[in-house]
Amino acid sequence: MTRTGERAVKSRLRIPSWIARIGEPDGPVLGAGVLLAPDRVLTAAHVVSPGRPYVVHFLGVPGVPGVAATVRADEHVPQREDAFGDRSGDLALLRLAEPLPAEHTTRLHRLAAPHGPVSMYGFPDGDAGGRWHGATLVAARGRDSQVQLRPQTPGELALPGFSGGPVIDHETDQVIGIVLSVDEGSGSVFSYMSPTETVLSHLPQAAAWSAGAEAVDPALRSTATPAAGRLDVPFATELASWFRGEGWPVLVTVVPTRGARAWTLARAVTLADRELRTRQTTSAFTHDPPETVPPAGGHDLALDVADLTAGQVMRRIAERLGISGDPRPERLGALRVPLAAVLAGVDRAADPDDLLALLERLAQQGARMLLVFRRRGGRADQAAESFVRRPLHGRWSRLGSELDRIVDELGPALDERRDRVLADPGTRLLLDQAEAGVRRTRMLREWVAHTPEREREPGRADLLFTFEDAAERRRQRLEQALDALGSRLRRREELLGRVTAEWPLCRQRAGSGDDRVMEAYRLYERALSLLRQTPCDVEEAERAAERFVRFCSATTSGNGGGAR
């Protein structure tokens with residue numbers, strides 16, 4: 001049993017005691033909220049305003065009347081938009097005039113997001129009792145790292161009455177954030193949530209009512225005031241690029257425990273964390289070059305692995321991702337969004353070789369990892385070779401082979417089939433696109449063959465990924481086009497076999513009826529000519545074949561069996 005009450009996500013039979021319905025006194029329902037403390041309800045800031053009275057109902061607590069509540073200005077963080085149109089804030093804490101018993105409260109749970117299915121509870125217009133909606137966490141949005149929610153069905157879009165309502169993770173059955181808003185417009189398919197760590201960055205007092213492992217080890221946090229000249233700008237730019245998800249997914253670097261690089265790493269890790277990226281931390285770096293500032297939510301965890309075993313590291317990863325039970329590496333492969341982790345002091349782990357073996361498995365499953373070594377050479381060089389240089393070279397080589405297959409194998413096969421049979425009218429566009437893809441791939445192959453080495457560096461790997469995606473799309477189109485033409489060729493062969501087999505039987509059945517034999521022969525020759533024509537119009541040939549077969553059937557019926 002968890003503090004989210006009655007395992008509501010799994011049964012959805014009753015309303016948990018900590019779900020709040022917020023409204024005006026004798027007025028409409030405004031939104032939902034989460035009871036975190038006996039006298040505190042977390043909700044969205046646009047639901048309430050400082051200085052105004054509200055009434056909060058707890059439908060999961062029988063016999064409790066509406067409770068008066070207000071919000072203070074210092075516990076109200078209104079929604080703001082930056083110069084890029086990204087939303088932030090929109091969080092508030094209501095204070096109840098009469099506290100509820102502590103057993104009716106719940107906690108916010110820190111969890112790396114987004115990565116799985118969730119449920120949310122709200123009070124849409126006309127439904128004062130509320131309802132559950134299902135959704136899937138999609139992706140972080142903007143510099144405040146709000147998270148998109150895609151409804152499981154169109155009818156489960158979070159309507160305004162869901163604002164401030166809980167978002168519950170299915171894997172852990174914990175509250176991992178609250179609903180904020182819905183995209184405006186008739187074509188909207190997303191709503192948004194503020195995950196726990198973003199809530200804590202705006203309302204740090206809510207940490208007293210939160211649980212779950214923090215993302216960043218204390219040793220990797222930046223607490224010092226920046227001093228002139230301490231920022232290693234090239235290194236900070238490289239780190240910010242990795243936190244944005246750019247370049248090769250594994251970055252291997254060497255950072256001593258002290259000095260400018262160590263401070264620059266701690267600064268980047270702190271700014272990339274949802275909970276630690278506050279106005280205070282960001283304001284300290286407002287004069288830094290923009291390209292050195294990573295986005296919030298750029299990692300799932302930042303861990304100092306010195307003296308830790310591979311098993312301990314795996315358990316810390318599993319805890320952050322909400323994986324219960326046996327934390328096996330293969331379970332990470334089932335995650336919809338891959339792990340993003342900073343692991344510092346890899347060469348000082350309890351058994352570096354065991355840890356590197358674990359990390360190699362995670363890398364093969366698509367994990368993004370920033371591997372920090374404390375000393376140059378040795379294991380740092382080995383890791384750079386096995387995690388970066390060798391697999392990156394292999395991907396470029398496989399791309400070259402794929403381009404060769406498209407140009408030298410699939411393209412000619414398409415030409416050969418198009419010479420033999422005309423396309424179905426419904427697939428002509430596909431065939432034209434496939435042929436155009438071959439021409440573009442031929443040019444791409446020439447470009448790749450003469451790509452400067454600087455374009456093949458790890459930081460430029462997005463170029464490789466773009467080429468791979470293009471090659472994959474073109475290969476798929478070619479295979480679809482080949483399948484479509486292959487089906488028509490098989491149909492042509494079936495018709496040809498049927499016509500050639502029918503002619504001797506038809507001539508035998510016609511007996512001495514010369515006129516019938518001549519007409520059958522004329523139809524036979526017409527069908528045969530169309531079927532052997534290149535490229536063959538299968539529809540026209542099929543109509544001719546059907547006329548011939550029908551005539552032969554009529555001839556047999558007219559003979560009344562005399563030919564036999």
# chains A, B, ... in the order shown; residues from 1 in each chain; ligands from 1

$ residues_around --residues "Ala296 of chain A" --least-positions-apart "3" --cutoff "6 Å" --atoms "only C-alpha atoms" --output "list in words"
Arg143, Ser145, Ala272, Asp273 and Arg274 of chain A

$ select_by_dssp --residues "segment 155-347 of chain A" --states "strand (DSSP E or B)" --output "VMD selection string"
chain A and resid 166 to 169 175 to 182 191 to 195 210 to 211 216 250 to 254 301 to 304 340 to 344

$ write_last_selection --atoms "C-alpha atoms" --output "PDB file, in the first residue's frame"
ATOM      1  CA  PRO A 166      -2.366  14.815  -9.704  1.00  0.00           C
ATOM      2  CA  VAL A 167      -0.380  12.895 -12.298  1.00  0.00           C
ATOM      3  CA  ILE A 168       0.317   9.346 -11.097  1.00  0.00           C
ATOM      4  CA  ASP A 169       2.949   7.044 -12.531  1.00  0.00           C
ATOM      5  CA  VAL A 175       2.266  11.219  -7.595  1.00  0.00           C
ATOM      6  CA  ILE A 176       4.997  12.551  -9.890  1.00  0.00           C
ATOM      7  CA  GLY A 177       3.550  15.986 -10.711  1.00  0.00           C
ATOM      8  CA  ILE A 178       0.413  17.996 -11.368  1.00  0.00           C
ATOM      9  CA  VAL A 179      -1.535  18.968 -14.488  1.00  0.00           C
ATOM     10  CA  LEU A 180      -0.963  22.553 -15.591  1.00  0.00           C
ATOM     11  CA  SER A 181      -2.682  23.423 -18.838  1.00  0.00           C
ATOM     12  CA  VAL A 182      -4.012  22.364 -22.194  1.00  0.00           C
ATOM     13  CA  SER A 191      -1.834  18.791 -22.062  1.00  0.00           C
ATOM     14  CA  TYR A 192       1.080  19.613 -19.765  1.00  0.00           C
ATOM     15  CA  MET A 193       2.303  18.692 -16.318  1.00  0.00           C
ATOM     16  CA  SER A 194       4.895  20.092 -13.969  1.00  0.00           C
ATOM     17  CA  PRO A 195       7.018  17.198 -12.645  1.00  0.00           C
ATOM     18  CA  SER A 210       8.405  14.975  -1.158  1.00  0.00           C
ATOM     19  CA  ALA A 211      10.114  11.620  -1.472  1.00  0.00           C
ATOM     20  CA  VAL A 216      22.278  15.006  -8.421  1.00  0.00           C
ATOM     21  CA  VAL A 250      28.187   9.004 -25.104  1.00  0.00           C
ATOM     22  CA  LEU A 251      30.626  11.726 -24.149  1.00  0.00           C
ATOM     23  CA  VAL A 252      33.885  10.600 -22.518  1.00  0.00           C
ATOM     24  CA  THR A 253      35.853  13.334 -20.804  1.00  0.00           C
ATOM     25  CA  VAL A 254      38.568  13.804 -18.197  1.00  0.00           C
ATOM     26  CA  LEU A 301      20.685  11.579 -12.715  1.00  0.00           C
ATOM     27  CA  ALA A 302      24.233  12.739 -12.008  1.00  0.00           C
ATOM     28  CA  LEU A 303      26.107  10.254  -9.883  1.00  0.00           C
ATOM     29  CA  ASP A 304      29.572  10.202  -8.316  1.00  0.00           C
ATOM     30  CA  ALA A 340      20.433  10.144 -19.705  1.00  0.00           C
ATOM     31  CA  ALA A 341      23.048   9.922 -16.958  1.00  0.00           C
ATOM     32  CA  VAL A 342      26.188  11.702 -15.770  1.00  0.00           C
ATOM     33  CA  LEU A 343      28.633   9.279 -14.118  1.00  0.00           C
ATOM     34  CA  ALA A 344      31.664  10.920 -12.549  1.00  0.00           C
TER      35      ALA A 344
END

$ atom_distance --atom1 "atom CA of Glu291 of chain A" --atom2 "atom CA of Ala240 of chain A"
6.9 Å

$ atom_distance --atom1 "atom CA of Leu359 of chain A" --atom2 "atom CA of Asp300 of chain A"
15.1 Å

$ residues_around --residues "Arg315 of chain A" --least-positions-apart "4" --cutoff "7 Å" --atoms "only C-alpha atoms" --output "list of chain:residue names"
A:Gly311, A:Glu319, A:Pro327

$ write_last_selection --atoms "N, CA and C atoms" --output "PDB file, in the first residue's frame"
ATOM      1  N   GLY A 311      26.672  -3.022  -9.339  1.00  0.00           N
ATOM      2  CA  GLY A 311      25.333  -3.290  -8.839  1.00  0.00           C
ATOM      3  C   GLY A 311      24.723  -2.085  -8.140  1.00  0.00           C
ATOM      4  N   GLU A 319      16.267   3.191  -9.341  1.00  0.00           N
ATOM      5  CA  GLU A 319      15.472   3.982  -8.409  1.00  0.00           C
ATOM      6  C   GLU A 319      14.999   5.270  -9.059  1.00  0.00           C
ATOM      7  N   PRO A 327      16.780  -4.850 -10.512  1.00  0.00           N
ATOM      8  CA  PRO A 327      17.194  -3.796 -11.448  1.00  0.00           C
ATOM      9  C   PRO A 327      18.152  -4.317 -12.514  1.00  0.00           C
TER      10      PRO A 327
END

$ atom_distance --atom1 "atom CA of Arg21 of chain A" --atom2 "atom CA of Val56 of chain A"
5.6 Å

$ closest_atom_pairs --of "segment 423-490 of chain A" --to "segment 520-543 of chain A" --cutoff "10 Å" --atoms "only C-alpha atoms" --output "JSON lines"
{"residue": "A:Ala423", "atom": "CA", "partner": "A:Asp537", "partner_atom": "CA", "distance": 8.1}
{"residue": "A:Asp424", "atom": "CA", "partner": "A:Val538", "partner_atom": "CA", "distance": 8.4}
{"residue": "A:Arg488", "atom": "CA", "partner": "A:Val538", "partner_atom": "CA", "distance": 6.9}
{"residue": "A:Leu489", "atom": "CA", "partner": "A:Val538", "partner_atom": "CA", "distance": 8.3}

$ write_last_selection --atoms "C-alpha atoms" --output "CSV table (one decimal), in the first residue's frame"
chain,number,residue,atom,x,y,z
A,423,ALA,CA,2.6,0.3,-61.7
A,424,ASP,CA,-0.9,0.2,-60.2
A,488,ARG,CA,1.8,-7.5,-60.0
A,489,LEU,CA,4.5,-9.7,-61.5

$ residues_around --residues "His202 of chain A" --least-positions-apart "2" --cutoff "10 Å" --atoms "only C-alpha atoms" --output "ChimeraX atom specification"
/A:75-77,88-92,144,197-200,204-206,274-279

$ residues_around --residues "Glu330 of chain A" --least-positions-apart "5" --cutoff "12 Å" --atoms "only C-alpha atoms" --output "PyMOL selection string"
chain A and resi 314+318+323+335+358-367

$ write_last_selection --atoms "N, CA and C atoms" --output "mmCIF file, in the first residue's frame"
data_model
loop_
_atom_site.group_PDB
_atom_site.id
_atom_site.type_symbol
_atom_site.label_atom_id
_atom_site.label_comp_id
_atom_site.auth_asym_id
_atom_site.auth_seq_id
_atom_site.Cartn_x
_atom_site.Cartn_y
_atom_site.Cartn_z
ATOM 1 N N MET A 314 23.650 0.403 -10.746
ATOM 2 C CA MET A 314 22.430 -0.031 -11.410
ATOM 3 C C MET A 314 21.214 0.210 -10.526
ATOM 4 N N ALA A 318 17.986 2.472 -11.432
ATOM 5 C CA ALA A 318 16.637 1.910 -11.388
ATOM 6 C C ALA A 318 15.729 2.729 -10.471
ATOM 7 N N ILE A 323 12.010 1.783 -11.556
ATOM 8 C CA ILE A 323 12.007 0.354 -11.853
ATOM 9 C C ILE A 323 12.086 -0.405 -10.540
ATOM 10 N N LEU A 335 12.312 0.937 -21.867
ATOM 11 C CA LEU A 335 11.864 2.300 -21.632
ATOM 12 C C LEU A 335 11.656 3.019 -22.950
ATOM 13 N N LEU A 358 28.951 -2.863 -17.532
ATOM 14 C CA LEU A 358 27.548 -2.495 -17.366
ATOM 15 C C LEU A 358 27.194 -1.306 -18.252
ATOM 16 N N LEU A 359 28.055 -0.296 -18.259
ATOM 17 C CA LEU A 359 27.769 0.904 -19.042
ATOM 18 C C LEU A 359 27.752 0.606 -20.534
ATOM 19 N N GLU A 360 28.556 -0.348 -20.958
ATOM 20 C CA GLU A 360 28.536 -0.714 -22.382
ATOM 21 C C GLU A 360 27.196 -1.335 -22.759
ATOM 22 N N ARG A 361 26.625 -2.140 -21.855
ATOM 23 C CA ARG A 361 25.296 -2.715 -22.116
ATOM 24 C C ARG A 361 24.248 -1.616 -22.194
ATOM 25 N N LEU A 362 24.356 -0.634 -21.291
ATOM 26 C CA LEU A 362 23.390 0.458 -21.319
ATOM 27 C C LEU A 362 23.533 1.281 -22.597
ATOM 28 N N ALA A 363 24.776 1.495 -23.034
ATOM 29 C CA ALA A 363 24.993 2.245 -24.276
ATOM 30 C C ALA A 363 24.386 1.517 -25.471
ATOM 31 N N GLN A 364 24.496 0.205 -25.495
ATOM 32 C CA GLN A 364 23.924 -0.574 -26.588
ATOM 33 C C GLN A 364 22.400 -0.491 -26.604
ATOM 34 N N GLN A 365 21.798 -0.190 -25.456
ATOM 35 C CA GLN A 365 20.337 -0.043 -25.363
ATOM 36 C C GLN A 365 19.891 1.382 -25.627
ATOM 37 N N GLY A 366 20.830 2.254 -25.995
ATOM 38 C CA GLY A 366 20.464 3.612 -26.375
ATOM 39 C C GLY A 366 20.629 4.653 -25.296
ATOM 40 N N ALA A 367 21.231 4.313 -24.159
ATOM 41 C CA ALA A 367 21.392 5.294 -23.085
ATOM 42 C C ALA A 367 22.343 6.408 -23.509
#

$ closest_residue --among "A:Ser17, A:Leu399, A:Ala268, A:Glu479" --to "Ala413 of chain A" --atoms "only C-alpha atoms"
A:Glu479

$ residues_around --residues "segment 241-249 of chain A" --least-positions-apart "4" --cutoff "6 Å" --atoms "only C-alpha atoms" --output "list in words"
Pro294, Gly298, Arg368, Pro458, Gly459, Arg460, Ala461 and Asp462 of chain A
